[in-house]
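What's in my_file.cif: mmCIF, C-alpha atoms
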```cif
data_input
#
loop_
_atom_site.group_PDB
_atom_site.id
_atom_site.type_symbol
_atom_site.label_atom_id
_atom_site.label_comp_id
_atom_site.auth_asym_id
_atom_site.auth_seq_id
_atom_site.Cartn_x
_atom_site.Cartn_y
_atom_site.Cartn_z
ATOM 1 C CA MET A 1 12.649 33.190 -8.931
ATOM 2 C CA THR A 2 8.978 32.755 -8.016
ATOM 3 C CA HIS A 3 5.998 31.780 -10.161
ATOM 4 C CA ASP A 4 2.305 32.325 -9.667
ATOM 5 C CA PRO A 5 -0.443 29.809 -10.563
ATOM 6 C CA HIS A 6 -0.315 31.140 -14.122
ATOM 7 C CA SER A 7 3.334 30.197 -14.428
ATOM 8 C CA PRO A 8 4.962 30.556 -17.820
ATOM 9 C CA LEU A 9 5.697 27.332 -19.651
ATOM 10 C CA ILE A 10 8.843 27.634 -21.740
ATOM 11 C CA THR A 11 8.809 25.255 -24.704
ATOM 12 C CA ILE A 12 11.986 24.509 -26.663
ATOM 13 C CA LEU A 13 11.393 22.853 -30.024
ATOM 14 C CA GLY A 14 13.210 22.271 -33.267
ATOM 15 C CA PRO A 15 14.191 19.472 -35.650
ATOM 16 C CA THR A 16 16.198 16.496 -34.454
ATOM 17 C CA ALA A 17 19.871 17.254 -33.743
ATOM 18 C CA SER A 18 19.176 20.975 -33.307
ATOM 19 C CA GLY A 19 20.453 21.163 -29.716
ATOM 20 C CA LYS A 20 17.150 21.474 -27.832
ATOM 21 C CA THR A 21 18.330 19.794 -24.642
ATOM 22 C CA LYS A 22 21.581 21.761 -24.526
ATOM 23 C CA LEU A 23 19.709 25.067 -24.776
ATOM 24 C CA ALA A 24 17.068 24.016 -22.248
ATOM 25 C CA VAL A 25 19.712 22.984 -19.711
ATOM 26 C CA SER A 26 21.583 26.277 -20.041
ATOM 27 C CA LEU A 27 18.328 28.244 -19.622
ATOM 28 C CA ALA A 28 17.156 26.093 -16.710
ATOM 29 C CA LYS A 29 20.450 26.741 -14.922
ATOM 30 C CA LYS A 30 20.063 30.479 -15.357
ATOM 31 C CA LEU A 31 16.350 30.645 -14.490
ATOM 32 C CA THR A 32 15.995 27.876 -11.868
ATOM 33 C CA GLY A 33 14.096 25.516 -14.117
ATOM 34 C CA GLU A 34 13.261 21.843 -14.568
ATOM 35 C CA ILE A 35 12.756 19.965 -17.818
ATOM 36 C CA ILE A 36 9.706 17.964 -18.921
ATOM 37 C CA SER A 37 10.534 15.704 -21.856
ATOM 38 C CA ALA A 38 8.140 15.599 -24.824
ATOM 39 C CA ASP A 39 9.698 12.553 -26.471
ATOM 40 C CA SER A 40 7.526 9.519 -27.177
ATOM 41 C CA ARG A 41 10.423 7.047 -26.917
ATOM 42 C CA GLN A 42 12.571 8.416 -24.112
ATOM 43 C CA VAL A 43 9.862 7.387 -21.646
ATOM 44 C CA TYR A 44 11.094 3.790 -22.045
ATOM 45 C CA ARG A 45 13.816 2.317 -19.861
ATOM 46 C CA HIS A 46 16.763 0.514 -21.519
ATOM 47 C CA MET A 47 16.228 2.434 -24.772
ATOM 48 C CA ASP A 48 19.048 4.912 -24.286
ATOM 49 C CA ILE A 49 21.313 5.134 -27.320
ATOM 50 C CA GLY A 50 18.604 4.722 -29.953
ATOM 51 C CA THR A 51 16.448 7.456 -28.418
ATOM 52 C CA GLY A 52 19.386 9.794 -27.789
ATOM 53 C CA LYS A 53 18.727 10.336 -24.094
ATOM 54 C CA ASP A 54 22.225 11.649 -23.366
ATOM 55 C CA LEU A 55 21.321 11.937 -19.681
ATOM 56 C CA ASN A 56 24.735 13.360 -18.789
ATOM 57 C CA GLU A 57 23.733 16.434 -20.805
ATOM 58 C CA TYR A 58 21.214 17.385 -18.109
ATOM 59 C CA GLN A 59 23.999 17.764 -15.532
ATOM 60 C CA SER A 60 22.311 18.871 -12.283
ATOM 61 C CA ILE A 61 19.002 19.933 -13.867
ATOM 62 C CA PRO A 62 16.001 17.790 -12.802
ATOM 63 C CA TYR A 63 14.209 16.093 -15.700
ATOM 64 C CA HIS A 64 10.828 14.381 -15.964
ATOM 65 C CA LEU A 65 9.023 11.769 -18.159
ATOM 66 C CA ILE A 66 12.234 9.961 -19.049
ATOM 67 C CA ASP A 67 12.839 6.310 -18.059
ATOM 68 C CA ILE A 68 9.388 5.900 -16.490
ATOM 69 C CA ILE A 69 8.087 2.635 -18.035
ATOM 70 C CA ASN A 70 9.419 -0.591 -19.534
ATOM 71 C CA PRO A 71 9.467 -1.175 -23.326
ATOM 72 C CA SER A 72 6.911 -3.961 -22.918
ATOM 73 C CA GLU A 73 4.339 -1.483 -21.555
ATOM 74 C CA GLU A 74 1.988 0.729 -23.561
ATOM 75 C CA TYR A 75 2.272 4.504 -23.612
ATOM 76 C CA ASN A 76 0.143 7.004 -25.505
ATOM 77 C CA LEU A 77 -0.800 10.639 -25.848
ATOM 78 C CA PHE A 78 -3.261 10.520 -22.965
ATOM 79 C CA GLU A 79 -0.674 9.020 -20.595
ATOM 80 C CA PHE A 80 1.852 11.653 -21.645
ATOM 81 C CA SER A 81 -0.663 14.458 -21.124
ATOM 82 C CA LYS A 82 -1.522 13.208 -17.636
ATOM 83 C CA GLY A 83 2.176 12.966 -16.859
ATOM 84 C CA PHE A 84 2.795 16.485 -18.128
ATOM 85 C CA CYS A 85 0.036 17.928 -15.935
ATOM 86 C CA ARG A 86 1.370 16.125 -12.877
ATOM 87 C CA CYS A 87 4.974 17.220 -13.502
ATOM 88 C CA PHE A 88 3.996 20.822 -14.269
ATOM 89 C CA GLU A 89 2.125 21.195 -10.983
ATOM 90 C CA ASP A 90 4.975 19.539 -9.110
ATOM 91 C CA ILE A 91 7.584 21.858 -10.633
ATOM 92 C CA ILE A 92 5.746 25.110 -9.948
ATOM 93 C CA SER A 93 5.018 23.957 -6.384
ATOM 94 C CA ARG A 94 8.791 24.216 -5.860
ATOM 95 C CA ASN A 95 8.867 27.717 -7.395
ATOM 96 C CA ALA A 96 10.822 26.412 -10.375
ATOM 97 C CA LEU A 97 10.236 27.227 -14.037
ATOM 98 C CA PRO A 98 8.905 24.397 -16.264
ATOM 99 C CA PHE A 99 10.603 23.774 -19.611
ATOM 100 C CA LEU A 100 8.879 21.496 -22.139
ATOM 101 C CA VAL A 101 11.514 20.045 -24.458
ATOM 102 C CA GLY A 102 11.332 17.451 -27.213
ATOM 103 C CA GLY A 103 10.703 16.573 -30.810
ATOM 104 C CA THR A 104 7.464 14.575 -30.740
ATOM 105 C CA GLY A 105 5.187 17.038 -32.495
ATOM 106 C CA MET A 106 1.912 15.502 -31.357
ATOM 107 C CA TYR A 107 2.981 15.643 -27.695
ATOM 108 C CA LEU A 108 4.089 19.262 -28.000
ATOM 109 C CA ASP A 109 0.931 20.274 -29.845
ATOM 110 C CA ALA A 110 -1.292 18.493 -27.304
ATOM 111 C CA VAL A 111 0.104 20.629 -24.479
ATOM 112 C CA LEU A 112 0.376 23.901 -26.368
ATOM 113 C CA SER A 113 -3.046 23.609 -28.012
ATOM 114 C CA ARG A 114 -4.645 21.970 -24.958
ATOM 115 C CA TYR A 115 -6.175 19.011 -26.792
ATOM 116 C CA LYS A 116 -9.534 17.840 -25.479
ATOM 117 C CA LEU A 117 -8.658 14.349 -24.306
ATOM 118 C CA THR A 118 -10.932 11.681 -22.914
ATOM 119 C CA VAL A 119 -10.391 8.209 -21.525
ATOM 120 C CA ALA A 120 -11.060 5.588 -24.190
ATOM 121 C CA THR A 121 -13.056 2.768 -22.597
ATOM 122 C CA PRO A 122 -14.971 0.896 -25.340
ATOM 123 C CA ASP A 123 -17.689 -1.572 -24.395
ATOM 124 C CA LYS A 124 -16.984 -5.218 -25.221
ATOM 125 C CA VAL A 125 -19.553 -5.480 -28.040
ATOM 126 C CA THR A 126 -18.209 -2.403 -29.837
ATOM 127 C CA GLN A 127 -14.656 -3.639 -29.421
ATOM 128 C CA GLU A 128 -15.455 -7.047 -30.926
ATOM 129 C CA LEU A 129 -17.312 -5.504 -33.867
ATOM 130 C CA LEU A 130 -14.461 -3.139 -34.684
ATOM 131 C CA GLU A 131 -11.797 -5.816 -34.408
ATOM 132 C CA LYS A 132 -13.566 -7.836 -37.128
ATOM 133 C CA LYS A 133 -13.357 -4.973 -39.637
ATOM 134 C CA SER A 134 -10.607 -4.472 -42.211
ATOM 135 C CA ASP A 135 -8.022 -1.705 -41.876
ATOM 136 C CA ASP A 136 -9.683 0.223 -44.716
ATOM 137 C CA ALA A 137 -13.048 0.051 -42.944
ATOM 138 C CA LEU A 138 -11.491 1.212 -39.687
ATOM 139 C CA ARG A 139 -9.806 4.143 -41.429
ATOM 140 C CA ALA A 140 -13.153 5.180 -42.889
ATOM 141 C CA ILE A 141 -14.780 5.041 -39.443
ATOM 142 C CA LEU A 142 -12.016 7.116 -37.842
ATOM 143 C CA LEU A 143 -12.080 9.775 -40.559
ATOM 144 C CA ALA A 144 -15.864 9.982 -40.264
ATOM 145 C CA LEU A 145 -15.534 10.562 -36.501
ATOM 146 C CA ASN A 146 -12.580 12.919 -36.783
ATOM 147 C CA PRO A 147 -11.699 14.161 -40.291
ATOM 148 C CA LYS A 148 -8.745 16.217 -39.003
ATOM 149 C CA GLN A 149 -6.238 13.630 -37.809
ATOM 150 C CA HIS A 150 -3.372 15.026 -35.722
ATOM 151 C CA ASN A 151 -1.273 11.912 -36.159
ATOM 152 C CA ALA A 152 -1.033 10.133 -39.515
ATOM 153 C CA THR A 153 0.442 7.062 -37.781
ATOM 154 C CA ASP A 154 -3.029 6.343 -36.394
ATOM 155 C CA LEU A 155 -4.153 5.610 -39.953
ATOM 156 C CA LEU A 156 -1.324 3.169 -40.653
ATOM 157 C CA ASP A 157 -0.999 1.021 -37.535
ATOM 158 C CA ARG A 158 -4.031 -1.177 -36.742
ATOM 159 C CA LYS A 159 -3.618 -1.045 -32.974
ATOM 160 C CA ARG A 160 -3.354 2.745 -33.007
ATOM 161 C CA LEU A 161 -6.243 2.905 -35.453
ATOM 162 C CA LEU A 162 -8.521 1.051 -33.024
ATOM 163 C CA GLN A 163 -7.369 3.167 -30.084
ATOM 164 C CA ALA A 164 -7.944 6.381 -32.046
ATOM 165 C CA ILE A 165 -11.515 5.253 -32.825
ATOM 166 C CA TYR A 166 -12.166 4.519 -29.137
ATOM 167 C CA ILE A 167 -10.872 7.993 -28.223
ATOM 168 C CA ALA A 168 -12.911 9.700 -30.957
ATOM 169 C CA GLU A 169 -16.075 7.869 -29.881
ATOM 170 C CA SER A 170 -15.446 8.807 -26.241
ATOM 171 C CA ALA A 171 -15.131 12.452 -27.232
ATOM 172 C CA HIS A 172 -18.608 12.303 -28.790
ATOM 173 C CA LYS A 173 -20.134 10.654 -25.709
ATOM 174 C CA ALA A 174 -18.543 12.431 -22.763
ATOM 175 C CA SER A 175 -16.987 15.662 -21.580
ATOM 176 C CA PRO A 176 -13.196 15.922 -21.627
ATOM 177 C CA VAL A 177 -11.710 14.366 -18.502
ATOM 178 C CA LEU A 178 -8.225 15.889 -18.707
ATOM 179 C CA VAL A 179 -8.013 19.324 -17.103
ATOM 180 C CA TRP A 180 -4.955 21.251 -18.216
ATOM 181 C CA PRO A 181 -3.241 23.493 -15.650
ATOM 182 C CA SER A 182 -3.111 27.260 -16.166
ATOM 183 C CA TYR A 183 0.022 28.452 -17.895
ATOM 184 C CA SER A 184 1.128 31.180 -20.257
ATOM 185 C CA SER A 185 3.076 29.727 -23.145
ATOM 186 C CA ILE A 186 6.405 30.929 -24.527
ATOM 187 C CA ILE A 187 7.655 28.846 -27.454
ATOM 188 C CA ILE A 188 11.249 29.080 -28.648
ATOM 189 C CA GLY A 189 12.109 27.351 -31.903
ATOM 190 C CA ILE A 190 15.719 26.624 -32.814
ATOM 191 C CA ARG A 191 16.379 27.454 -36.453
ATOM 192 C CA VAL A 192 19.109 25.418 -38.167
ATOM 193 C CA SER A 193 19.874 25.250 -41.880
ATOM 194 C CA ARG A 194 18.903 22.056 -43.701
ATOM 195 C CA GLU A 195 22.542 21.412 -44.641
ATOM 196 C CA ILE A 196 23.801 21.649 -41.056
ATOM 197 C CA THR A 197 20.918 19.466 -39.868
ATOM 198 C CA ARG A 198 21.815 16.812 -42.459
ATOM 199 C CA GLN A 199 25.469 16.852 -41.401
ATOM 200 C CA ARG A 200 24.606 16.576 -37.713
ATOM 201 C CA ILE A 201 22.142 13.735 -38.244
ATOM 202 C CA THR A 202 24.671 11.616 -40.133
ATOM 203 C CA SER A 203 27.500 12.391 -37.708
ATOM 204 C CA ARG A 204 25.345 11.671 -34.667
ATOM 205 C CA LEU A 205 24.054 8.438 -36.176
ATOM 206 C CA GLN A 206 27.586 7.130 -36.721
ATOM 207 C CA ALA A 207 28.500 8.094 -33.161
ATOM 208 C CA ARG A 208 25.537 6.135 -31.802
ATOM 209 C CA PHE A 209 26.573 3.021 -33.698
ATOM 210 C CA ASP A 210 30.054 3.436 -32.198
ATOM 211 C CA GLU A 211 28.457 3.670 -28.743
ATOM 212 C CA GLY A 212 26.749 0.297 -29.145
ATOM 213 C CA MET A 213 23.298 0.949 -30.592
ATOM 214 C CA ILE A 214 23.141 -2.440 -32.340
ATOM 215 C CA GLU A 215 23.969 -4.174 -29.063
ATOM 216 C CA GLU A 216 21.206 -2.195 -27.343
ATOM 217 C CA VAL A 217 18.613 -3.481 -29.831
ATOM 218 C CA GLU A 218 19.937 -7.030 -29.511
ATOM 219 C CA GLN A 219 19.619 -6.843 -25.734
ATOM 220 C CA LEU A 220 16.066 -5.523 -25.963
ATOM 221 C CA HIS A 221 15.058 -8.491 -28.115
ATOM 222 C CA LYS A 222 16.813 -10.929 -25.776
ATOM 223 C CA SER A 223 14.880 -9.402 -22.857
ATOM 224 C CA GLY A 224 11.584 -10.340 -24.535
ATOM 225 C CA ILE A 225 10.757 -7.369 -26.777
ATOM 226 C CA SER A 226 9.374 -8.806 -30.022
ATOM 227 C CA TRP A 227 10.542 -7.855 -33.502
ATOM 228 C CA GLU A 228 7.048 -6.402 -34.062
ATOM 229 C CA LYS A 229 7.370 -4.143 -31.026
ATOM 230 C CA LEU A 230 10.834 -3.016 -32.114
ATOM 231 C CA ASP A 231 9.376 -2.163 -35.515
ATOM 232 C CA PHE A 232 6.660 -0.175 -33.736
ATOM 233 C CA PHE A 233 9.347 1.940 -32.014
ATOM 234 C CA GLY A 234 10.443 3.066 -35.473
ATOM 235 C CA LEU A 235 13.610 4.559 -36.933
ATOM 236 C CA GLU A 236 16.730 3.134 -35.221
ATOM 237 C CA TYR A 237 14.937 0.174 -33.662
ATOM 238 C CA ARG A 238 13.089 -0.749 -36.859
ATOM 239 C CA PHE A 239 16.090 -0.719 -39.187
ATOM 240 C CA ILE A 240 18.559 -2.285 -36.762
ATOM 241 C CA ALA A 241 16.052 -5.058 -36.050
ATOM 242 C CA LYS A 242 15.892 -5.775 -39.780
ATOM 243 C CA TYR A 243 19.699 -5.882 -39.889
ATOM 244 C CA ILE A 244 19.879 -8.288 -36.934
ATOM 245 C CA GLN A 245 17.288 -10.547 -38.592
ATOM 246 C CA GLY A 246 19.321 -10.570 -41.810
ATOM 247 C CA ASP A 247 16.822 -8.608 -43.905
ATOM 248 C CA LEU A 248 19.348 -5.808 -44.548
ATOM 249 C CA ASN A 249 23.138 -5.728 -44.738
ATOM 250 C CA TYR A 250 24.988 -3.135 -42.664
ATOM 251 C CA ASN A 251 25.524 -0.574 -45.428
ATOM 252 C CA ASP A 252 21.914 -0.736 -46.624
ATOM 253 C CA MET A 253 20.681 -0.511 -43.039
ATOM 254 C CA PHE A 254 22.820 2.557 -42.305
ATOM 255 C CA GLN A 255 21.830 4.374 -45.488
ATOM 256 C CA LYS A 256 18.119 3.608 -45.171
ATOM 257 C CA LEU A 257 18.100 4.630 -41.507
ATOM 258 C CA ASN A 258 20.039 7.795 -42.237
ATOM 259 C CA SER A 259 17.559 8.734 -44.965
ATOM 260 C CA ALA A 260 14.608 7.953 -42.684
ATOM 261 C CA ILE A 261 15.936 10.280 -39.973
ATOM 262 C CA HIS A 262 16.465 13.058 -42.530
ATOM 263 C CA TYR A 263 12.866 12.566 -43.657
ATOM 264 C CA PHE A 264 11.710 12.622 -40.032
ATOM 265 C CA ALA A 265 13.452 15.994 -39.524
ATOM 266 C CA LYS A 266 11.615 17.419 -42.539
ATOM 267 C CA GLN A 267 8.313 16.118 -41.181
ATOM 268 C CA GLN A 268 9.058 17.788 -37.844
ATOM 269 C CA GLU A 269 9.527 21.111 -39.601
ATOM 270 C CA LYS A 270 6.227 20.663 -41.446
ATOM 271 C CA ARG A 271 4.519 19.899 -38.130
ATOM 272 C CA PHE A 272 5.895 23.091 -36.581
ATOM 273 C CA LYS A 273 4.583 25.101 -39.534
ATOM 274 C CA ARG A 274 1.121 23.551 -39.060
ATOM 275 C CA MET A 275 1.265 24.471 -35.384
ATOM 276 C CA GLU A 276 2.005 28.078 -36.362
ATOM 277 C CA ARG A 277 -0.861 28.109 -38.851
ATOM 278 C CA SER A 278 -3.170 26.894 -36.084
ATOM 279 C CA GLY A 279 -2.326 30.021 -34.081
ATOM 280 C CA LEU A 280 0.697 29.095 -31.956
ATOM 281 C CA ASN A 281 3.372 31.798 -31.807
ATOM 282 C CA ILE A 282 6.818 30.231 -32.189
ATOM 283 C CA HIS A 283 9.751 32.593 -31.681
ATOM 284 C CA TRP A 284 12.414 31.263 -34.043
ATOM 285 C CA LEU A 285 16.035 31.942 -33.093
ATOM 286 C CA ASP A 286 19.141 30.983 -35.057
ATOM 287 C CA GLN A 287 21.402 28.445 -33.455
ATOM 288 C CA ASP A 288 24.575 30.444 -33.034
ATOM 289 C CA ALA A 289 26.860 31.689 -30.268
ATOM 290 C CA GLN A 290 24.194 34.151 -29.097
ATOM 291 C CA LEU A 291 21.332 31.628 -28.865
ATOM 292 C CA HIS A 292 21.437 31.383 -25.062
ATOM 293 C CA GLU A 293 21.516 35.148 -24.516
ATOM 294 C CA LYS A 294 18.813 35.814 -27.115
ATOM 295 C CA SER A 295 16.619 33.199 -25.449
ATOM 296 C CA ILE A 296 17.131 34.741 -22.005
ATOM 297 C CA GLN A 297 16.278 38.178 -23.355
ATOM 298 C CA LEU A 298 13.135 36.866 -25.018
ATOM 299 C CA ILE A 299 11.938 35.076 -21.877
ATOM 300 C CA GLN A 300 12.621 38.117 -19.675
ATOM 301 C CA LYS A 301 10.827 40.360 -22.129
ATOM 302 C CA LEU A 302 7.737 38.162 -22.183
ATOM 303 C CA THR A 303 7.820 37.348 -18.450
ATOM 304 C CA PRO A 304 8.972 40.522 -16.652
ATOM 305 C CA ASP A 305 8.917 38.770 -13.236
ATOM 306 C CA THR A 306 11.674 36.296 -14.177
#
```
Please, can you express the file's structure as structure tokens?
Amino acid sequence: MTHDPHSPLITILGPTASGKTKLAVSLAKKLTGEIISADSRQVYRHMDIGTGKDLNEYQSIPYHLIDIINPSEEYNLFEFSKGFCRCFEDIISRNALPFLVGGTGMYLDAVLSRYKLTVATPDKVTQELLEKKSDDALRAILLALNPKQHNATDLLDRKRLLQAIYIAESAHKASPVLVWPSYSSIIIGIRVSREITRQRITSRLQARFDEGMIEEVEQLHKSGISWEKLDFFGLEYRFIAKYIQGDLNYNDMFQKLNSAIHYFAKQQEKRFKRMERSGLNIHWLDQDAQLHEKSIQLIQKLTPDT
């Protein structure tokens, strides 16, 4: 298939454990596509089981923005957005169809809503003044600069709070520096019942422990990744780190982690609803035996040239 400069971007989204990668791979095979990951943790090398990379699932389909930096390095929305733009242009230059796939709502929304992003480069005086302020004072400054926060985590983590202020201040001082490529957006959402999602999350979590997820976290710490950084990575890494340190026993760790992932899935669904309210058109399809065919039909209907 061939694509013009206004190539369609096919986005596959849905709650965790909904089968996004499986669907994207089957569609990419049929339509000569490549996959761009929108997962904030799969960018890190050596974090495989906890992030659910399942690289064998991609088979022969090329994938991008996975295993690109070390866990000790910093990665943020701006870096992801730059990476997306680079990968998108690269994919369409080969006359392939780009698929954006993942569960990090802020990353997905940034691309689909074309966030106005600027480079955050604070001057030294401003940086020193802000670093002396309390978290409450910093939150007040950020909300004054940008009352509509896309990511609530920015209000909870001090480092992210400072970075968000730098970005917000840059937006007031300069024109956006990120230029999004031209693309027409087709968004497919996988609809799964809450009960099935709960069952899959628990089953998948147990499978990952059987695969050696605790050992993965232990190895990350031995390689120099601090307990604080593991906590920053959230979910699996946070709770397993507490277990390794002796703060939680195994049963408590498993149950708390399981509950946290269920909560995360609910928050994903809320994020998708907010994206729809903001004007994005998500085509929701039930995850059943006809999901692949229904997706193909939808894409061909909305992109007659495919």
task = Select all residues near (12.2, 37.5, -28.8) (cut-off 12 Å, inclusive, file coordinates), counting all atoms listed in the file, and output them as a ChimeraX atom specification.
result = /A:186-189,281-286,291-303
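Shortest separation to A:Glu79 among A:Ala110, A:Asp252, A:Leu142, A:Lys270 occurs at residue A:Ala110, atoms counted being only C-alpha atoms.
Atom CA of A:Pro71 is positioned 23.9 Å from atom CA of A:Ile165.
The residues returned by the PyMOL selection byres ((chain A and resi 231) around 12) for this structure are A:Asp157, A:Val217, A:His221, A:Ile225, A:Ser226, A:Trp227, A:Glu228, A:Lys229, A:Leu230, A:Phe232, A:Phe233, A:Gly234, A:Leu235, A:Glu236, A:Tyr237, A:Arg238, A:Phe239, A:Ile240, A:Ala241, A:Lys242, A:Tyr243, A:Gln245.
Surrounding stretch 22-24 of chain A within 10 Å are Ile10, Thr11, Ile12, Leu13, Lys30, Gly33, Glu34, Ile35, Glu57, Tyr58, Ile61, Phe99, Leu100, Val101, Ile190, Gln287, Leu291, His292 and Ser295 of chain A, with only C-alpha atoms counted and residues fewer than 6 positions along the same chain left out.
Nearest residue to A:Asp288 among A:Gly83, A:Gly103, A:Gly19, A:Gly14 is A:Gly19, counting only C-alpha atoms.
Every residue that the PyMOL selection byres ((chain A and resi 198) around 12) selects in this file is listed here: Pro15, Thr16, Ala17, Ser18, Val192, Ser193, Arg194, Glu195, Ile196, Thr197, Gln199, Arg200, Ile201, Thr202, Ser203, Arg204, Leu205, Asn258, Ser259, Ala260, Ile261, His262, Tyr263, Phe264, Ala265 and Lys266 of chain A.
Minimum distance to A:Leu138 across A:Ala164, A:Leu280, A:Val43, A:Leu55 (counting all atoms listed in the file) occurs at A:Ala164.
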request  = Can you pull out every residue within 9 Å of A:Ser7, counting all atoms listed in the file, but drop anything in the same chain fewer than 5 positions away, and send it as a PyMOL selection string?
outcome  = chain A and resi 2+92+97-98+182-185
request  = Choose the residue, out of A:Asp135, A:Pro147, A:Pro8, A:Ser60, that has the smallest atom-to-atom separation from A:Lys29; count all atoms listed in the file.
outcome  = A:Ser60
remark   = atom CA of A:Arg208 to atom CA of A:Arg41 measures 15.9 Å
message = I'd like the neighbourhood of A:Ser37 as JSON, numbers by chain, where a residue qualifies if any of its atoms comes within 10 Å (using only C-alpha atoms), though same-chain residues fewer than 5 positions away should be ignored.
response = {"A": [21, 42, 43, 63, 64, 65, 66, 80, 84, 99, 100, 101, 102, 103, 104, 107, 108]}
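We find atom CA of A:Arg45 and atom CA of A:Arg160 to be spaced 21.6 Å apart.
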task = Given the file shown, enumerate the residues that the PyMOL selection byres ((chain A and resi 82) around 12) captures and present them as a ChimeraX atom specification.
result = /A:65,75-81,83-89,107,110-111,114-115,117-119,177-181
query = Out of A:Leu248, A:Leu220, A:Ala289, A:Met213, which residue has the shortest atom-to-atom distance to A:Ile49 when counting all atoms listed in the file?
reply = A:Met213
Output stretch 246-251 of chain A with all heavy atoms present, as a PDB file, keeping the file's coordinate frame.
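Generated output (rebuild12.pdb):
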```pdb
ATOM      1  N   GLY A 246      18.734 -10.207 -40.529  1.00  0.00           N
ATOM      2  CA  GLY A 246      19.321 -10.570 -41.810  1.00  0.00           C
ATOM      3  C   GLY A 246      18.570 -10.043 -43.011  1.00  0.00           C
ATOM      4  O   GLY A 246      18.879 -10.403 -44.148  1.00  0.00           O
ATOM      5  N   ASP A 247      17.598  -9.167 -42.787  1.00  0.00           N
ATOM      6  CA  ASP A 247      16.822  -8.608 -43.905  1.00  0.00           C
ATOM      7  C   ASP A 247      17.570  -7.489 -44.623  1.00  0.00           C
ATOM      8  O   ASP A 247      17.241  -7.157 -45.771  1.00  0.00           O
ATOM      9  CB  ASP A 247      15.480  -8.077 -43.393  1.00  0.00           C
ATOM     10  CG  ASP A 247      14.595  -9.182 -42.843  1.00  0.00           C
ATOM     11  OD1 ASP A 247      14.784 -10.337 -43.253  1.00  0.00           O
ATOM     12  OD2 ASP A 247      13.722  -8.885 -41.995  1.00  0.00           O
ATOM     13  N   LEU A 248      18.548  -6.882 -43.954  1.00  0.00           N
ATOM     14  CA  LEU A 248      19.348  -5.808 -44.548  1.00  0.00           C
ATOM     15  C   LEU A 248      20.808  -6.043 -44.188  1.00  0.00           C
ATOM     16  O   LEU A 248      21.116  -6.504 -43.076  1.00  0.00           O
ATOM     17  CB  LEU A 248      18.924  -4.438 -44.003  1.00  0.00           C
ATOM     18  CG  LEU A 248      17.545  -3.896 -44.366  1.00  0.00           C
ATOM     19  CD1 LEU A 248      17.262  -2.623 -43.561  1.00  0.00           C
ATOM     20  CD2 LEU A 248      17.456  -3.591 -45.856  1.00  0.00           C
ATOM     21  N   ASN A 249      21.732  -5.718 -45.119  1.00  0.00           N
ATOM     22  CA  ASN A 249      23.138  -5.728 -44.738  1.00  0.00           C
ATOM     23  C   ASN A 249      23.471  -4.408 -44.040  1.00  0.00           C
ATOM     24  O   ASN A 249      22.646  -3.491 -44.017  1.00  0.00           O
ATOM     25  CB  ASN A 249      24.054  -5.976 -45.947  1.00  0.00           C
ATOM     26  CG  ASN A 249      23.960  -4.862 -46.999  1.00  0.00           C
ATOM     27  OD1 ASN A 249      23.933  -3.674 -46.674  1.00  0.00           O
ATOM     28  ND2 ASN A 249      23.915  -5.273 -48.274  1.00  0.00           N
ATOM     29  N   TYR A 250      24.663  -4.311 -43.489  1.00  0.00           N
ATOM     30  CA  TYR A 250      24.988  -3.135 -42.664  1.00  0.00           C
ATOM     31  C   TYR A 250      24.906  -1.837 -43.460  1.00  0.00           C
ATOM     32  O   TYR A 250      24.306  -0.853 -43.008  1.00  0.00           O
ATOM     33  CB  TYR A 250      26.383  -3.285 -42.046  1.00  0.00           C
ATOM     34  CG  TYR A 250      26.740  -2.130 -41.130  1.00  0.00           C
ATOM     35  CD1 TYR A 250      26.418  -2.162 -39.781  1.00  0.00           C
ATOM     36  CD2 TYR A 250      27.379  -0.997 -41.628  1.00  0.00           C
ATOM     37  CE1 TYR A 250      26.726  -1.095 -38.935  1.00  0.00           C
ATOM     38  CE2 TYR A 250      27.689   0.074 -40.804  1.00  0.00           C
ATOM     39  CZ  TYR A 250      27.356   0.014 -39.459  1.00  0.00           C
ATOM     40  OH  TYR A 250      27.650   1.087 -38.639  1.00  0.00           O
ATOM     41  N   ASN A 251      25.506  -1.814 -44.643  1.00  0.00           N
ATOM     42  CA  ASN A 251      25.524  -0.574 -45.428  1.00  0.00           C
ATOM     43  C   ASN A 251      24.119  -0.130 -45.811  1.00  0.00           C
ATOM     44  O   ASN A 251      23.779   1.058 -45.710  1.00  0.00           O
ATOM     45  CB  ASN A 251      26.385  -0.748 -46.681  1.00  0.00           C
ATOM     46  CG  ASN A 251      27.864  -0.789 -46.352  1.00  0.00           C
ATOM     47  OD1 ASN A 251      28.300  -0.225 -45.345  1.00  0.00           O
ATOM     48  ND2 ASN A 251      28.652  -1.451 -47.200  1.00  0.00           N
TER      49      ASN A 251
END
```
